[in-house]
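**Q** One structure coming up, written as structure tokens, with questions to follow.
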Amino acid sequence: MPFRIAIDGPAASGKSTVAKAVAKKIGFLYLDTGALYRAMAYAIRQANIPPKEKVLQQFCSSCDLEIRYIEGEQHVFLEKEDISLFLKDEEIGNFASQISTFSCIRQALFDLQRKTGEKNNIIADGRDIGTCIFPDAELKIYLTAKTSVRALRRQKELGLKEPLEEIEENLRKRDRRDKSREIAPLKQAFDAIYLDSSELSREEIIEQIIQYYHQRKGI
Ligand code: DC
């Protein structure tokens, strides 16, 4: 039976960096579920269709999205083309947040995520991993940080180009949308460990999560 670690939390809380590093250290597969929503957002932009339930429903039924692991790294393929490099920017992230409120989008990505966790020891990060995708995960973490700290981190990631206030406002908006949507909103699972990374270094969070993993495994 595979061991699954679920990490949920708001944007820029450090989930991806930390989950990726933990996966490497303990030899788990890393599943970045945000990249899947971003891939859908990218695909919808490319298809130039309006984000409306009926249109999206039809779009999802024919959309060929695939996850492949190349040298241990997750890549997302759309219609057999690797689109991983096009998914990083803020605009796609915001649009992903918007389209992730549609049930057909969440449904389309549900099986893809579940399948990846079926056979592999996995660490997955996102918004609804511990509550919906792997509600029976062996270890669940809710990773967060103060909005001001997250904004500073995001500004650094973006190459210090954007004004801090704008980034902070954008994060607040995204948090509000991700937490208040009707289906699978971002929230701490009742059995998740709450981890505030505001005062912790990246290495400290990684170590903390590995410790929790060892405790759960009894090693
Ligand atoms: O983690 P991220 O910034 O790459 O995610 C982009 C958006 O995708 C996020 O704002 C909401 C959506 N998302 C989601 O609804 N559920 C997930 N498990 C992961 C991401």
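Note on naming: chains are A, B, ... as they come in the structure tokens, residues start from 1 per chain, ligands start from 1 in the order shown.
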Can you tell me which residues come within 6 Å of ligand 1 when counting only C-alpha atoms and all ligand atoms, ideally as a count of residues only?
**A** 16
**Q** Can you list, as number ranges by chain, every residue of segment 25-104 of chain A that DSSP puts in helix (DSSP H, G or I)?
**A** A: 25-26, 33-47, 53-62, 84-86, 90-99, 103-104
**Q** Find the residues around Ser201 of chain A up to 12 Å (only C-alpha atoms counted), leave out those fewer than 4 positions away in its own chain, and share them as number ranges by chain.
**A** A: 13-14, 17-18, 145, 149, 153, 196-197, 205-208
**Q** For segment 68-83 of chain A, please output as JSON, numbers by chain all residues within 9 Å (counting only C-alpha atoms; exclusion window: fewer than 2 positions along the same chain).
**A** {"A": [24, 29, 30, 31, 32, 35, 36, 39, 40, 42, 43, 63, 64, 65, 66, 85, 86, 87]}
**Q** Report, in Å with one decimal, the straight-line distance from atom CA of Asn94 of chain A to atom CA of Ser62 of chain A.
**A**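 Computing the Euclidean distance for atom CA of Asn94 of chain A and atom CA of Ser62 of chain A yields 23.5 Å.
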**Q** Just list as a list in words whatever in segment 53-216 of chain A DSSP marks as strand (DSSP E).
**A**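 Matching residues, listed in order: Leu65, Glu66, Ile67, Arg68, Tyr69, Ile70, Glu73, Gln74, His75, Val76, Phe77, Leu78, Glu81, Asp82, Ile122, Ile123, Ala124, Asp125, Gly126, Leu139, Lys140, Ile141, Tyr142, Leu143, Thr144, Ile193, Tyr194, Leu195 and Asp196 of chain A.
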**Q** Keeping only N, CA and C atoms, take the residues you just selected and write them out as a PDB file, in the first residue's frame.
**A**
```pdb
ATOM      1  N   LEU A  65      -5.060  15.539 -21.614  1.00  0.00           N
ATOM      2  CA  LEU A  65      -4.051  16.008 -20.656  1.00  0.00           C
ATOM      3  C   LEU A  65      -3.411  14.790 -20.005  1.00  0.00           C
ATOM      4  N   GLU A  66      -2.099  14.846 -19.833  1.00  0.00           N
ATOM      5  CA  GLU A  66      -1.381  13.665 -19.354  1.00  0.00           C
ATOM      6  C   GLU A  66      -0.240  14.106 -18.437  1.00  0.00           C
ATOM      7  N   ILE A  67       0.042  13.286 -17.423  1.00  0.00           N
ATOM      8  CA  ILE A  67       1.214  13.558 -16.577  1.00  0.00           C
ATOM      9  C   ILE A  67       2.271  12.527 -16.946  1.00  0.00           C
ATOM     10  N   ARG A  68       3.507  12.989 -17.160  1.00  0.00           N
ATOM     11  CA  ARG A  68       4.603  12.029 -17.368  1.00  0.00           C
ATOM     12  C   ARG A  68       5.753  12.426 -16.469  1.00  0.00           C
ATOM     13  N   TYR A  69       6.474  11.444 -15.976  1.00  0.00           N
ATOM     14  CA  TYR A  69       7.646  11.738 -15.149  1.00  0.00           C
ATOM     15  C   TYR A  69       8.892  11.510 -15.992  1.00  0.00           C
ATOM     16  N   ILE A  70       9.686  12.564 -16.141  1.00  0.00           N
ATOM     17  CA  ILE A  70      10.912  12.466 -16.931  1.00  0.00           C
ATOM     18  C   ILE A  70      12.081  12.770 -15.989  1.00  0.00           C
ATOM     19  N   GLU A  73      11.049  14.166 -12.725  1.00  0.00           N
ATOM     20  CA  GLU A  73      10.338  15.457 -12.711  1.00  0.00           C
ATOM     21  C   GLU A  73       8.985  15.332 -13.400  1.00  0.00           C
ATOM     22  N   GLN A  74       7.986  15.974 -12.798  1.00  0.00           N
ATOM     23  CA  GLN A  74       6.653  15.946 -13.410  1.00  0.00           C
ATOM     24  C   GLN A  74       6.589  16.865 -14.644  1.00  0.00           C
ATOM     25  N   HIS A  75       6.072  16.340 -15.713  1.00  0.00           N
ATOM     26  CA  HIS A  75       5.815  17.148 -16.906  1.00  0.00           C
ATOM     27  C   HIS A  75       4.346  16.988 -17.267  1.00  0.00           C
ATOM     28  N   VAL A  76       3.745  18.072 -17.775  1.00  0.00           N
ATOM     29  CA  VAL A  76       2.346  17.981 -18.184  1.00  0.00           C
ATOM     30  C   VAL A  76       2.275  18.082 -19.707  1.00  0.00           C
ATOM     31  N   PHE A  77       1.577  17.131 -20.299  1.00  0.00           N
ATOM     32  CA  PHE A  77       1.438  17.086 -21.745  1.00  0.00           C
ATOM     33  C   PHE A  77      -0.002  17.400 -22.138  1.00  0.00           C
ATOM     34  N   LEU A  78      -0.129  18.298 -23.107  1.00  0.00           N
ATOM     35  CA  LEU A  78      -1.446  18.607 -23.677  1.00  0.00           C
ATOM     36  C   LEU A  78      -1.402  18.193 -25.147  1.00  0.00           C
ATOM     37  N   GLU A  81       1.914  17.275 -26.343  1.00  0.00           N
ATOM     38  CA  GLU A  81       2.986  18.281 -26.345  1.00  0.00           C
ATOM     39  C   GLU A  81       3.296  18.692 -24.907  1.00  0.00           C
ATOM     40  N   ASP A  82       4.587  18.741 -24.580  1.00  0.00           N
ATOM     41  CA  ASP A  82       4.997  19.125 -23.229  1.00  0.00           C
ATOM     42  C   ASP A  82       4.794  20.630 -23.048  1.00  0.00           C
ATOM     43  N   ILE A 122       3.702   8.873  -2.701  1.00  0.00           N
ATOM     44  CA  ILE A 122       3.542  10.166  -3.356  1.00  0.00           C
ATOM     45  C   ILE A 122       3.416  11.300  -2.355  1.00  0.00           C
ATOM     46  N   ILE A 123       3.951  12.467  -2.734  1.00  0.00           N
ATOM     47  CA  ILE A 123       3.678  13.678  -1.971  1.00  0.00           C
ATOM     48  C   ILE A 123       3.029  14.650  -2.949  1.00  0.00           C
ATOM     49  N   ALA A 124       1.788  15.018  -2.659  1.00  0.00           N
ATOM     50  CA  ALA A 124       1.035  15.878  -3.572  1.00  0.00           C
ATOM     51  C   ALA A 124       0.699  17.182  -2.877  1.00  0.00           C
ATOM     52  N   ASP A 125       0.797  18.292  -3.614  1.00  0.00           N
ATOM     53  CA  ASP A 125       0.399  19.564  -3.016  1.00  0.00           C
ATOM     54  C   ASP A 125      -0.696  20.231  -3.844  1.00  0.00           C
ATOM     55  N   GLY A 126      -1.522  21.024  -3.157  1.00  0.00           N
ATOM     56  CA  GLY A 126      -2.634  21.690  -3.837  1.00  0.00           C
ATOM     57  C   GLY A 126      -3.531  22.396  -2.847  1.00  0.00           C
ATOM     58  N   LEU A 139      -0.405  11.012   5.787  1.00  0.00           N
ATOM     59  CA  LEU A 139       0.076  12.228   6.464  1.00  0.00           C
ATOM     60  C   LEU A 139      -0.471  13.445   5.732  1.00  0.00           C
ATOM     61  N   LYS A 140      -1.056  14.363   6.500  1.00  0.00           N
ATOM     62  CA  LYS A 140      -1.609  15.582   5.888  1.00  0.00           C
ATOM     63  C   LYS A 140      -1.025  16.804   6.582  1.00  0.00           C
ATOM     64  N   ILE A 141      -0.612  17.764   5.771  1.00  0.00           N
ATOM     65  CA  ILE A 141      -0.057  19.011   6.302  1.00  0.00           C
ATOM     66  C   ILE A 141      -0.861  20.166   5.715  1.00  0.00           C
ATOM     67  N   TYR A 142      -1.193  21.138   6.550  1.00  0.00           N
ATOM     68  CA  TYR A 142      -1.739  22.393   6.037  1.00  0.00           C
ATOM     69  C   TYR A 142      -0.651  23.437   6.212  1.00  0.00           C
ATOM     70  N   LEU A 143      -0.039  23.816   5.087  1.00  0.00           N
ATOM     71  CA  LEU A 143       1.111  24.722   5.140  1.00  0.00           C
ATOM     72  C   LEU A 143       0.689  26.135   4.772  1.00  0.00           C
ATOM     73  N   THR A 144       0.937  27.058   5.687  1.00  0.00           N
ATOM     74  CA  THR A 144       0.558  28.437   5.389  1.00  0.00           C
ATOM     75  C   THR A 144       1.643  29.405   5.881  1.00  0.00           C
ATOM     76  N   ILE A 193      -1.990  18.436   9.961  1.00  0.00           N
ATOM     77  CA  ILE A 193      -1.118  19.173  10.885  1.00  0.00           C
ATOM     78  C   ILE A 193      -0.953  20.589  10.341  1.00  0.00           C
ATOM     79  N   TYR A 194      -1.199  21.568  11.195  1.00  0.00           N
ATOM     80  CA  TYR A 194      -1.084  22.971  10.787  1.00  0.00           C
ATOM     81  C   TYR A 194       0.364  23.428  10.926  1.00  0.00           C
ATOM     82  N   LEU A 195       0.914  23.955   9.844  1.00  0.00           N
ATOM     83  CA  LEU A 195       2.310  24.385   9.879  1.00  0.00           C
ATOM     84  C   LEU A 195       2.409  25.806   9.328  1.00  0.00           C
ATOM     85  N   ASP A 196       2.786  26.747  10.201  1.00  0.00           N
ATOM     86  CA  ASP A 196       2.952  28.131   9.759  1.00  0.00           C
ATOM     87  C   ASP A 196       4.434  28.365   9.471  1.00  0.00           C
TER      88      ASP A 196
END
```
**Q** Quote the spacing between atom CA of Ser148 of chain A and atom CA of Arg176 of chain A in Å to one decimal place.
**A**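 Going from atom CA of Ser148 of chain A over to atom CA of Arg176 of chain A, I get 15.4 Å.
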**Q** Quick one: residues within 9 Å of Ile210 of chain A, only C-alpha atoms counted, chain neighbours fewer than 4 positions away excluded, as number ranges by chain?
**A** A: 22, 25-26, 205-206, 214-215
**Q** Using only C-alpha atoms, which of A:Lys187, A:Gln57, A:Ile209, A:Pro51 sits nearest Ala23 of chain A?
**A**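 Answer, going by the shortest atom-to-atom distance: A:Ile209.
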**Q** Using only C-alpha atoms, tabulate the residues of segment 160-213 of chain A lying at most 12 Å from any atom of segment 103-112 of chain A, each with its closest atom pair and that distance in Å to one decimal, by chain and increasing residue number, as JSON lines.
**A**
```
{"residue": "A:Arg181", "atom": "CA", "partner": "A:Ser103", "partner_atom": "CA", "distance": 10.4}
{"residue": "A:Glu182", "atom": "CA", "partner": "A:Ser103", "partner_atom": "CA", "distance": 9.2}
{"residue": "A:Ile183", "atom": "CA", "partner": "A:Ser103", "partner_atom": "CA", "distance": 6.9}
{"residue": "A:Ala184", "atom": "CA", "partner": "A:Arg106", "partner_atom": "CA", "distance": 8.5}
{"residue": "A:Pro185", "atom": "CA", "partner": "A:Arg106", "partner_atom": "CA", "distance": 11.1}
```
**Q** Could you jot down the atom CA of Phe28 of chain A to atom CA of Asp175 of chain A separation for me, Å, one decimal place?
**A** 28.2 Å
**Q** Find, counting only C-alpha atoms, the residue in A:Ile99, A:Ile133, A:Ile49, A:Ile167 that gets nearest to Gln113 of chain A.
**A** A:Ile133
**Q** Nearest to Glu199 of chain A: which of A:Lys52, A:Arg150, A:Phe102, A:Ser84 is it, counting only C-alpha atoms?
**A**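 Once distances to Glu199 of chain A are computed over only C-alpha atoms, the minimum belongs to A:Arg150.
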**Q** Given only C-alpha atoms as the basis, pick out the residue of A:Glu166, A:Thr131, A:Glu138, A:Arg216 nearest to Asp8 of chain A.
**A** A:Thr131
